[in-house]
$ cat data-v9.cif   # mmCIF, C-alpha atoms
data_structure
#
loop_
_atom_site.label_atom_id
_atom_site.label_comp_id
_atom_site.auth_asym_id
_atom_site.auth_seq_id
_atom_site.Cartn_x
_atom_site.Cartn_y
_atom_site.Cartn_z
CA MET A 257 10.33 -76.91 -21.47
CA THR A 258 13.54 -75.48 -22.93
CA THR A 259 14.57 -71.85 -23.30
CA ALA A 260 14.35 -72.23 -27.08
CA GLN A 261 10.76 -73.51 -26.83
CA ASP A 262 9.79 -70.73 -24.46
CA LEU A 263 11.33 -68.09 -26.71
CA SER A 264 9.47 -69.43 -29.75
CA ILE A 265 6.19 -69.38 -27.83
CA LEU A 266 6.68 -65.76 -26.80
CA ALA A 267 7.52 -64.83 -30.40
CA PHE A 268 4.67 -66.61 -32.14
CA ILE A 269 1.64 -66.58 -29.85
CA PRO A 270 -1.02 -64.49 -31.65
CA GLU A 271 -1.45 -62.06 -28.78
CA ALA A 272 2.18 -61.00 -29.10
CA ASP A 273 1.86 -59.69 -32.70
CA THR A 274 5.39 -58.41 -32.38
CA GLY A 275 6.34 -58.18 -36.05
CA LEU A 276 9.73 -59.71 -35.36
CA GLU A 277 12.43 -60.12 -37.95
CA ARG A 278 12.54 -63.82 -38.74
CA GLY A 279 16.32 -63.86 -39.16
CA ASP A 280 16.88 -62.22 -35.77
CA LEU A 281 14.65 -64.79 -34.11
CA SER A 282 16.47 -67.66 -35.84
CA LEU A 283 19.79 -66.46 -34.42
CA ALA A 284 18.32 -66.05 -30.94
CA LEU A 285 16.78 -69.53 -31.07
CA ALA A 286 20.15 -71.00 -32.05
CA GLY A 287 21.65 -69.24 -29.06
CA ALA A 288 18.90 -70.53 -26.78
CA GLU A 289 19.49 -74.06 -28.05
CA LEU A 290 23.19 -73.80 -27.33
CA ILE A 291 22.52 -72.66 -23.77
CA ASP A 292 20.00 -75.50 -23.38
CA LEU A 293 22.68 -77.95 -24.57
CA VAL A 294 25.18 -76.54 -22.09
CA GLU A 295 22.66 -76.88 -19.25
CA ALA A 296 21.85 -80.44 -20.35
CA GLY A 297 25.53 -81.34 -20.24
CA VAL A 298 25.66 -82.09 -23.97
CA VAL A 299 28.40 -79.52 -24.59
CA THR A 300 30.71 -77.23 -22.66
CA LEU A 301 32.21 -73.91 -23.68
CA ASP A 302 35.94 -73.26 -23.72
CA ASP A 303 35.94 -69.47 -23.94
CA ASP A 304 33.93 -68.96 -27.15
CA ARG A 305 34.44 -72.48 -28.54
CA ILE A 306 31.94 -75.31 -28.30
CA VAL A 307 33.26 -78.61 -26.97
CA PRO A 308 30.83 -81.55 -27.41
CA ARG A 309 30.83 -84.23 -24.73
CA THR A 310 31.43 -87.85 -25.75
CA PRO A 311 29.17 -89.68 -25.50
CA ALA A 312 26.55 -86.94 -25.58
CA PRO A 313 23.71 -87.24 -23.04
CA ARG A 314 20.29 -87.87 -24.56
CA THR A 315 17.60 -85.19 -24.70
CA GLU A 316 13.87 -85.78 -25.05
CA ASP A 317 13.18 -82.59 -27.02
CA ALA A 318 13.17 -83.33 -30.77
CA LEU A 319 14.59 -80.03 -32.00
CA LEU A 320 17.17 -79.92 -29.24
CA GLY A 321 18.13 -83.50 -30.04
CA GLU A 322 18.52 -82.49 -33.67
CA ALA A 323 20.73 -79.59 -32.60
CA ALA A 324 22.89 -81.97 -30.57
CA SER A 325 23.24 -84.35 -33.50
CA THR A 326 24.51 -81.56 -35.77
CA LEU A 327 27.44 -81.06 -33.43
CA ALA A 328 28.86 -84.43 -34.47
CA SER A 329 28.68 -83.53 -38.17
CA GLY A 330 29.65 -79.89 -37.78
CA PRO A 331 33.07 -78.31 -37.45
CA SER A 332 35.18 -79.50 -34.54
CA SER A 333 35.19 -76.98 -31.66
CA GLU A 334 33.45 -74.34 -33.72
CA THR A 335 32.93 -70.90 -32.22
CA VAL A 336 29.64 -69.75 -30.75
CA GLU A 337 29.32 -67.22 -33.56
CA ASP A 338 29.79 -69.90 -36.23
CA TRP A 339 27.19 -72.08 -34.51
CA LEU A 340 24.64 -69.24 -34.52
CA TRP A 341 24.95 -68.73 -38.27
CA ARG A 342 25.08 -72.45 -39.12
CA ARG A 343 22.33 -73.73 -36.86
CA GLY A 344 20.27 -70.54 -37.10
CA SER A 345 19.57 -70.86 -40.83
CA GLU A 346 15.74 -70.87 -41.15
CA LEU A 347 15.47 -72.10 -37.54
CA ALA A 348 12.55 -69.83 -36.65
CA GLY A 349 10.44 -71.54 -39.31
CA ARG A 350 11.16 -74.95 -37.80
CA TYR A 351 10.10 -73.83 -34.35
CA ARG A 352 7.01 -72.22 -35.85
CA ALA A 353 6.16 -75.54 -37.54
CA ALA A 354 6.59 -77.37 -34.22
CA LEU A 355 4.17 -74.98 -32.53
CA GLU A 356 1.69 -75.45 -35.36
CA ALA A 357 1.95 -79.23 -35.03
CA ALA A 358 1.24 -78.88 -31.31
CA GLY A 359 -1.80 -76.71 -32.05
CA LEU A 360 -0.36 -73.71 -30.21
CA VAL A 361 -0.59 -71.43 -33.25
CA ALA A 362 -2.50 -71.61 -36.51
CA PRO A 363 -0.68 -72.40 -39.79
CA GLU A 364 0.72 -69.42 -41.61
CA ARG A 365 -0.84 -68.43 -44.90
CA SER A 366 2.61 -68.01 -46.40
CA ARG A 367 6.16 -68.40 -45.23
CA PRO A 368 7.91 -65.01 -45.06
CA HIS A 369 11.43 -64.46 -46.33
CA LEU A 370 14.31 -64.50 -43.86
CA PHE A 371 14.58 -60.70 -43.91
CA ARG A 372 10.85 -59.94 -43.73
CA ARG A 373 8.83 -59.30 -40.65
CA ASP A 374 6.72 -62.11 -39.25
CA ARG A 375 3.16 -61.89 -38.01
CA GLY A 376 1.22 -64.90 -36.82
CA VAL A 377 -2.23 -65.86 -38.04
CA PRO A 378 -4.90 -65.38 -35.35
CA ALA A 379 -5.69 -68.52 -33.42
CA GLY A 380 -8.58 -70.47 -34.87
CA ALA A 381 -7.96 -69.32 -38.43
CA GLY A 382 -7.79 -72.49 -40.48
CA THR A 383 -7.12 -74.89 -37.63
CA SER A 384 -9.21 -76.89 -35.20
CA ALA A 385 -6.28 -78.10 -33.12
CA THR A 386 -6.35 -77.58 -29.38
CA ALA A 387 -3.34 -77.18 -27.16
CA ASP A 388 -2.41 -77.27 -23.52
CA ALA A 389 -2.61 -73.64 -22.48
CA SER A 390 -0.25 -74.34 -19.58
CA THR A 391 2.59 -74.60 -22.12
CA VAL A 392 2.08 -70.96 -23.05
CA ASP A 393 1.39 -69.98 -19.45
CA ARG A 394 4.74 -71.38 -18.32
CA ALA A 395 6.65 -69.39 -20.94
CA GLU A 396 4.80 -66.18 -20.09
CA ALA A 397 5.23 -66.74 -16.36
CA ARG A 398 8.96 -67.21 -16.86
CA ARG A 399 9.21 -63.88 -18.69
CA GLU A 400 6.99 -62.07 -16.17
CA ALA A 401 9.19 -63.39 -13.36
CA GLY A 402 12.13 -61.69 -15.06
CA ASP A 403 14.07 -64.84 -15.90
CA PRO A 404 17.40 -63.27 -16.94
CA LEU A 405 18.18 -65.70 -19.73
CA LEU A 406 14.78 -65.67 -21.43
CA THR A 407 14.32 -61.92 -21.07
CA SER A 408 17.82 -61.26 -22.42
CA LEU A 409 17.22 -63.35 -25.53
CA ALA A 410 13.74 -61.87 -25.99
CA ALA A 411 15.19 -58.37 -25.76
CA ALA A 412 17.78 -59.25 -28.40
CA VAL A 413 15.01 -59.72 -30.97
CA GLY A 414 12.98 -56.71 -29.86
CA MET A 415 10.59 -58.20 -27.32
CA GLY A 416 11.02 -55.71 -24.51
CA GLU A 417 14.13 -54.38 -22.85
CA VAL A 418 16.33 -55.80 -20.16
CA PRO A 419 18.42 -53.89 -17.59
CA GLU A 420 22.19 -54.00 -18.03
CA ALA A 421 22.44 -55.54 -14.56
CA THR A 422 20.47 -58.53 -15.81
CA LEU A 423 22.94 -59.13 -18.62
CA THR A 424 25.96 -58.84 -16.34
CA GLY A 425 24.30 -61.20 -13.86
CA LEU A 426 24.11 -64.11 -16.31
CA PRO A 427 26.39 -67.14 -15.82
CA ASP A 428 29.59 -66.90 -17.87
CA ASP A 429 28.56 -69.41 -20.55
CA ALA A 430 25.11 -67.89 -20.96
CA ALA A 431 26.59 -64.39 -21.10
CA THR A 432 29.01 -65.50 -23.82
CA VAL A 433 26.15 -66.85 -25.94
CA VAL A 434 23.79 -63.92 -25.35
CA THR A 435 26.55 -61.46 -26.27
CA ALA A 436 27.23 -63.39 -29.47
CA VAL A 437 23.50 -63.37 -30.29
CA HIS A 438 23.36 -59.59 -29.90
CA GLN A 439 26.43 -59.16 -32.12
CA ALA A 440 25.08 -61.50 -34.81
CA ILE A 441 21.72 -59.71 -34.86
CA THR A 442 23.53 -56.38 -35.22
CA GLU A 443 25.46 -57.79 -38.19
CA LEU A 444 22.27 -59.08 -39.78
CA ALA A 445 20.60 -55.69 -39.33
CA ALA A 446 23.54 -54.05 -41.09
CA GLU A 447 23.28 -56.55 -43.94
CA ARG A 448 19.54 -55.95 -44.16
CA GLN A 449 20.14 -52.20 -44.35
CA ARG A 450 22.79 -52.63 -47.03
CA ARG A 451 20.43 -54.68 -49.17
CA SER A 452 17.69 -52.11 -48.68
CA ILE A 453 19.97 -49.28 -49.82
CA GLU A 454 21.16 -51.26 -52.83
CA GLY A 455 17.57 -52.12 -53.72
CA ALA A 456 16.51 -48.47 -53.49
CA ALA A 457 19.44 -47.42 -55.68
CA PHE A 458 18.49 -50.05 -58.27
CA ASP A 459 14.88 -48.81 -58.30
CA ASN A 460 16.07 -45.25 -58.82
CA ILE A 461 18.12 -46.30 -61.85
CA TRP A 462 15.00 -47.78 -63.44
CA ARG A 463 13.07 -44.59 -62.68
CA GLY A 464 15.77 -42.50 -64.37
CA TYR A 465 17.22 -40.87 -61.24
#
$ encode --input "data-v9.cif" --output "structure tokens"
Amino acid sequence: MTTAQDLSILAFIPEADTGLERGDLSLALAGAELIDLVEAGVVTLDDDRIVPRTPAPRTEDALLGEAASTLASGPSSETVEDWLWRRGSELAGRYRAALEAAGLVAPERSRPHLFRRDRGVPAGAGTSATADASTVDRAEARREAGDPLLTSLAAAVGMGEVPEATLTGLPDDAATVVTAVHQAITELAAERQRRSIEGAAFDNIWRGY
């Protein structure tokens, strides 16, 4: 199991019902993938720049393999921040689809917009698929054990809080990525607020205010 897989499980299992912002989760998943790629030896970080290894080691995880393949076609030595925005586009939906295909969550009735909140469909609604419960158990056990990486990324999207000591205790590369994830989510929240204010102002014009 990868950190990205574990994070998606914690976000989408029906019992969580966290109402997460889909865009925030996409950025966090992109960050989790990057850390997974560092740990797999696919890339290294030079300060905040991503340096792919040549040849890149193989990975058995389909989505992580896809992420690795985009490094070859993406900008050379791009920054962590640029990776988050490029790879993170609609990434939460792809992880959701992977969990649906595995039978871990039921299909959604409709796909929410990037800036809307996400709520899963209760298990058993419209699906007869069964799944290995140990997959979910492992992700939950990792969070309950206080795994610093998983809990830090989960906290970034609003799933609980993490002590400052946990953040400072992360390895340098992981800390660089987690910090970038927090900054990107803050930027997205500001953009979301700006659009909300502009939308409210537009509505007021139509109402004659």
$ resolve_selection --input "data-v9.cif" --expression "the PyMOL selection byres ((chain A and resi 403) around 12)" --output "PyMOL selection string"
chain A and resi 259+262-263+394-402+404-411+418-419+422-423+425-426
$ write_last_selection --input "data-v9.cif" --atoms "C-alpha atoms" --output "compact mmCIF listing (two decimals), in the frame of the given file"
# COMPACT_ATOMS: atom_id res chain seq x y z
CA THR A 259 14.57 -71.85 -23.30
CA ASP A 262 9.79 -70.73 -24.46
CA LEU A 263 11.33 -68.09 -26.71
CA ARG A 394 4.74 -71.38 -18.32
CA ALA A 395 6.65 -69.39 -20.94
CA GLU A 396 4.80 -66.18 -20.09
CA ALA A 397 5.23 -66.74 -16.36
CA ARG A 398 8.96 -67.21 -16.86
CA ARG A 399 9.21 -63.88 -18.69
CA GLU A 400 6.99 -62.07 -16.17
CA ALA A 401 9.19 -63.39 -13.36
CA GLY A 402 12.13 -61.69 -15.06
CA PRO A 404 17.40 -63.27 -16.94
CA LEU A 405 18.18 -65.70 -19.73
CA LEU A 406 14.78 -65.67 -21.43
CA THR A 407 14.32 -61.92 -21.07
CA SER A 408 17.82 -61.26 -22.42
CA LEU A 409 17.22 -63.35 -25.53
CA ALA A 410 13.74 -61.87 -25.99
CA ALA A 411 15.19 -58.37 -25.76
CA VAL A 418 16.33 -55.80 -20.16
CA PRO A 419 18.42 -53.89 -17.59
CA THR A 422 20.47 -58.53 -15.81
CA LEU A 423 22.94 -59.13 -18.62
CA GLY A 425 24.30 -61.20 -13.86
CA LEU A 426 24.11 -64.11 -16.31
$ resolve_selection --input "data-v9.cif" --expression "the PyMOL selection byres ((chain A and resi 260) around 10)" --output "number ranges by chain"
A: 257-259, 261-265, 284-292, 319-320, 351, 406, 409
$ write_last_selection --input "data-v9.cif" --atoms "C-alpha atoms" --output "mmCIF file, in the coordinates of the input"
data_model
loop_
_atom_site.group_PDB
_atom_site.id
_atom_site.type_symbol
_atom_site.label_atom_id
_atom_site.label_comp_id
_atom_site.auth_asym_id
_atom_site.auth_seq_id
_atom_site.Cartn_x
_atom_site.Cartn_y
_atom_site.Cartn_z
ATOM 1 C CA MET A 257 10.330 -76.910 -21.470
ATOM 2 C CA THR A 258 13.540 -75.480 -22.930
ATOM 3 C CA THR A 259 14.570 -71.850 -23.300
ATOM 4 C CA GLN A 261 10.760 -73.510 -26.830
ATOM 5 C CA ASP A 262 9.790 -70.730 -24.460
ATOM 6 C CA LEU A 263 11.330 -68.090 -26.710
ATOM 7 C CA SER A 264 9.470 -69.430 -29.750
ATOM 8 C CA ILE A 265 6.190 -69.380 -27.830
ATOM 9 C CA ALA A 284 18.320 -66.050 -30.940
ATOM 10 C CA LEU A 285 16.780 -69.530 -31.070
ATOM 11 C CA ALA A 286 20.150 -71.000 -32.050
ATOM 12 C CA GLY A 287 21.650 -69.240 -29.060
ATOM 13 C CA ALA A 288 18.900 -70.530 -26.780
ATOM 14 C CA GLU A 289 19.490 -74.060 -28.050
ATOM 15 C CA LEU A 290 23.190 -73.800 -27.330
ATOM 16 C CA ILE A 291 22.520 -72.660 -23.770
ATOM 17 C CA ASP A 292 20.000 -75.500 -23.380
ATOM 18 C CA LEU A 319 14.590 -80.030 -32.000
ATOM 19 C CA LEU A 320 17.170 -79.920 -29.240
ATOM 20 C CA TYR A 351 10.100 -73.830 -34.350
ATOM 21 C CA LEU A 406 14.780 -65.670 -21.430
ATOM 22 C CA LEU A 409 17.220 -63.350 -25.530
#
$ resolve_selection --input "data-v9.cif" --expression "the PyMOL selection byres ((chain A and resi 298) around 6)" --output "PDB file with C-alpha atoms, in the coordinates of the input"
ATOM      1  CA  LEU A 293      22.680 -77.950 -24.570  1.00  0.00           C
ATOM      2  CA  VAL A 294      25.180 -76.540 -22.090  1.00  0.00           C
ATOM      3  CA  ALA A 296      21.850 -80.440 -20.350  1.00  0.00           C
ATOM      4  CA  GLY A 297      25.530 -81.340 -20.240  1.00  0.00           C
ATOM      5  CA  VAL A 299      28.400 -79.520 -24.590  1.00  0.00           C
ATOM      6  CA  ARG A 309      30.830 -84.230 -24.730  1.00  0.00           C
ATOM      7  CA  ALA A 312      26.550 -86.940 -25.580  1.00  0.00           C
ATOM      8  CA  PRO A 313      23.710 -87.240 -23.040  1.00  0.00           C
TER       9      PRO A 313
END
$ residues_around --input "data-v9.cif" --residues "Val336 of chain A" --least-positions-apart "6" --cutoff "10 Å" --atoms "all atoms listed in the file" --output "PyMOL selection string"
chain A and resi 286-287+290+301+303-306+342+432-437
$ closest_residue --input "data-v9.cif" --among "A:Thr335, A:Trp341, A:Leu347, A:Leu360" --to "Asp302 of chain A" --atoms "all atoms listed in the file"
A:Thr335
$ atom_distance --input "data-v9.cif" --atom1 "atom CA of Ala421 of chain A" --atom2 "atom CA of Trp339 of chain A"
26.3 Å
$ closest_residue --input "data-v9.cif" --among "A:Asp393, A:Glu417, A:Asp280, A:Glu447" --to "Ser345 of chain A" --atoms "all atoms listed in the file"
A:Asp280
$ atom_distance --input "data-v9.cif" --atom1 "atom CA of Leu340 of chain A" --atom2 "atom CA of Ser325 of chain A"
15.2 Å
$ closest_residue --input "data-v9.cif" --among "A:Gly359, A:Val413, A:Asp429, A:Ala440" --to "Leu276 of chain A" --atoms "all atoms listed in the file"
A:Val413
$ atom_distance --input "data-v9.cif" --atom1 "atom CA of Leu266 of chain A" --atom2 "atom CA of Leu327 of chain A"
26.6 Å
$ build_atoms --input "data-v9.cif" --residues "segment 296-325 of chain A" --atoms "N, CA and C atoms" --output "compact mmCIF listing (two decimals), keeping the file's coordinate frame"
# COMPACT_ATOMS: atom_id res chain seq x y z
N ALA A 296 22.13 -79.00 -20.33
CA ALA A 296 21.85 -80.44 -20.35
C ALA A 296 23.12 -81.27 -20.28
N GLY A 297 24.27 -80.62 -20.31
CA GLY A 297 25.53 -81.34 -20.24
C GLY A 297 25.96 -81.96 -21.55
N VAL A 298 25.31 -81.55 -22.66
CA VAL A 298 25.66 -82.09 -23.97
C VAL A 298 26.96 -81.48 -24.48
N VAL A 299 27.17 -80.20 -24.17
CA VAL A 299 28.40 -79.52 -24.59
C VAL A 299 28.90 -78.66 -23.43
N THR A 300 30.15 -78.25 -23.54
CA THR A 300 30.71 -77.23 -22.66
C THR A 300 31.30 -76.14 -23.55
N LEU A 301 31.57 -74.99 -22.95
CA LEU A 301 32.21 -73.91 -23.68
C LEU A 301 33.61 -73.69 -23.15
N ASP A 302 34.57 -73.61 -24.06
CA ASP A 302 35.94 -73.26 -23.72
C ASP A 302 36.16 -71.87 -24.30
N ASP A 303 35.97 -70.86 -23.47
CA ASP A 303 35.94 -69.47 -23.94
C ASP A 303 34.77 -69.33 -24.91
N ASP A 304 35.04 -69.09 -26.20
CA ASP A 304 33.93 -68.96 -27.15
C ASP A 304 33.84 -70.17 -28.08
N ARG A 305 34.48 -71.28 -27.70
CA ARG A 305 34.44 -72.48 -28.54
C ARG A 305 33.60 -73.56 -27.90
N ILE A 306 32.86 -74.27 -28.75
CA ILE A 306 31.94 -75.31 -28.30
C ILE A 306 32.67 -76.65 -28.27
N VAL A 307 32.59 -77.32 -27.13
CA VAL A 307 33.26 -78.61 -26.97
C VAL A 307 32.21 -79.67 -26.67
N PRO A 308 31.83 -80.50 -27.66
CA PRO A 308 30.83 -81.55 -27.41
C PRO A 308 31.35 -82.60 -26.44
N ARG A 309 30.47 -83.14 -25.62
CA ARG A 309 30.83 -84.23 -24.73
C ARG A 309 30.67 -85.56 -25.45
N THR A 310 31.49 -86.52 -25.13
CA THR A 310 31.43 -87.85 -25.75
C THR A 310 31.41 -88.92 -24.66
N PRO A 311 30.35 -89.77 -24.64
CA PRO A 311 29.17 -89.68 -25.50
C PRO A 311 28.24 -88.58 -25.01
N ALA A 312 27.45 -88.03 -25.94
CA ALA A 312 26.55 -86.94 -25.58
C ALA A 312 25.33 -87.47 -24.84
N PRO A 313 24.94 -86.84 -23.73
CA PRO A 313 23.71 -87.24 -23.04
C PRO A 313 22.51 -87.09 -23.95
N ARG A 314 21.49 -87.92 -23.73
CA ARG A 314 20.29 -87.87 -24.56
C ARG A 314 19.37 -86.74 -24.10
N THR A 315 18.60 -86.20 -25.03
CA THR A 315 17.60 -85.19 -24.70
C THR A 315 16.27 -85.60 -25.31
N GLU A 316 15.18 -85.35 -24.59
CA GLU A 316 13.87 -85.78 -25.05
C GLU A 316 13.25 -84.81 -26.06
N ASP A 317 13.73 -83.58 -26.11
CA ASP A 317 13.18 -82.59 -27.02
C ASP A 317 13.70 -82.84 -28.44
N ALA A 318 12.78 -82.95 -29.41
CA ALA A 318 13.17 -83.33 -30.77
C ALA A 318 14.10 -82.32 -31.42
N LEU A 319 13.75 -81.03 -31.36
CA LEU A 319 14.59 -80.03 -32.00
C LEU A 319 15.93 -79.88 -31.29
N LEU A 320 15.91 -80.00 -29.97
CA LEU A 320 17.17 -79.92 -29.24
C LEU A 320 18.03 -81.14 -29.53
N GLY A 321 17.40 -82.31 -29.67
CA GLY A 321 18.13 -83.50 -30.04
C GLY A 321 18.74 -83.37 -31.42
N GLU A 322 18.00 -82.75 -32.33
CA GLU A 322 18.52 -82.49 -33.67
C GLU A 322 19.73 -81.56 -33.60
N ALA A 323 19.62 -80.53 -32.76
CA ALA A 323 20.73 -79.59 -32.60
C ALA A 323 21.97 -80.32 -32.09
N ALA A 324 21.77 -81.21 -31.12
CA ALA A 324 22.89 -81.97 -30.57
C ALA A 324 23.54 -82.85 -31.63
N SER A 325 22.70 -83.44 -32.48
CA SER A 325 23.24 -84.35 -33.50
C SER A 325 24.06 -83.61 -34.54
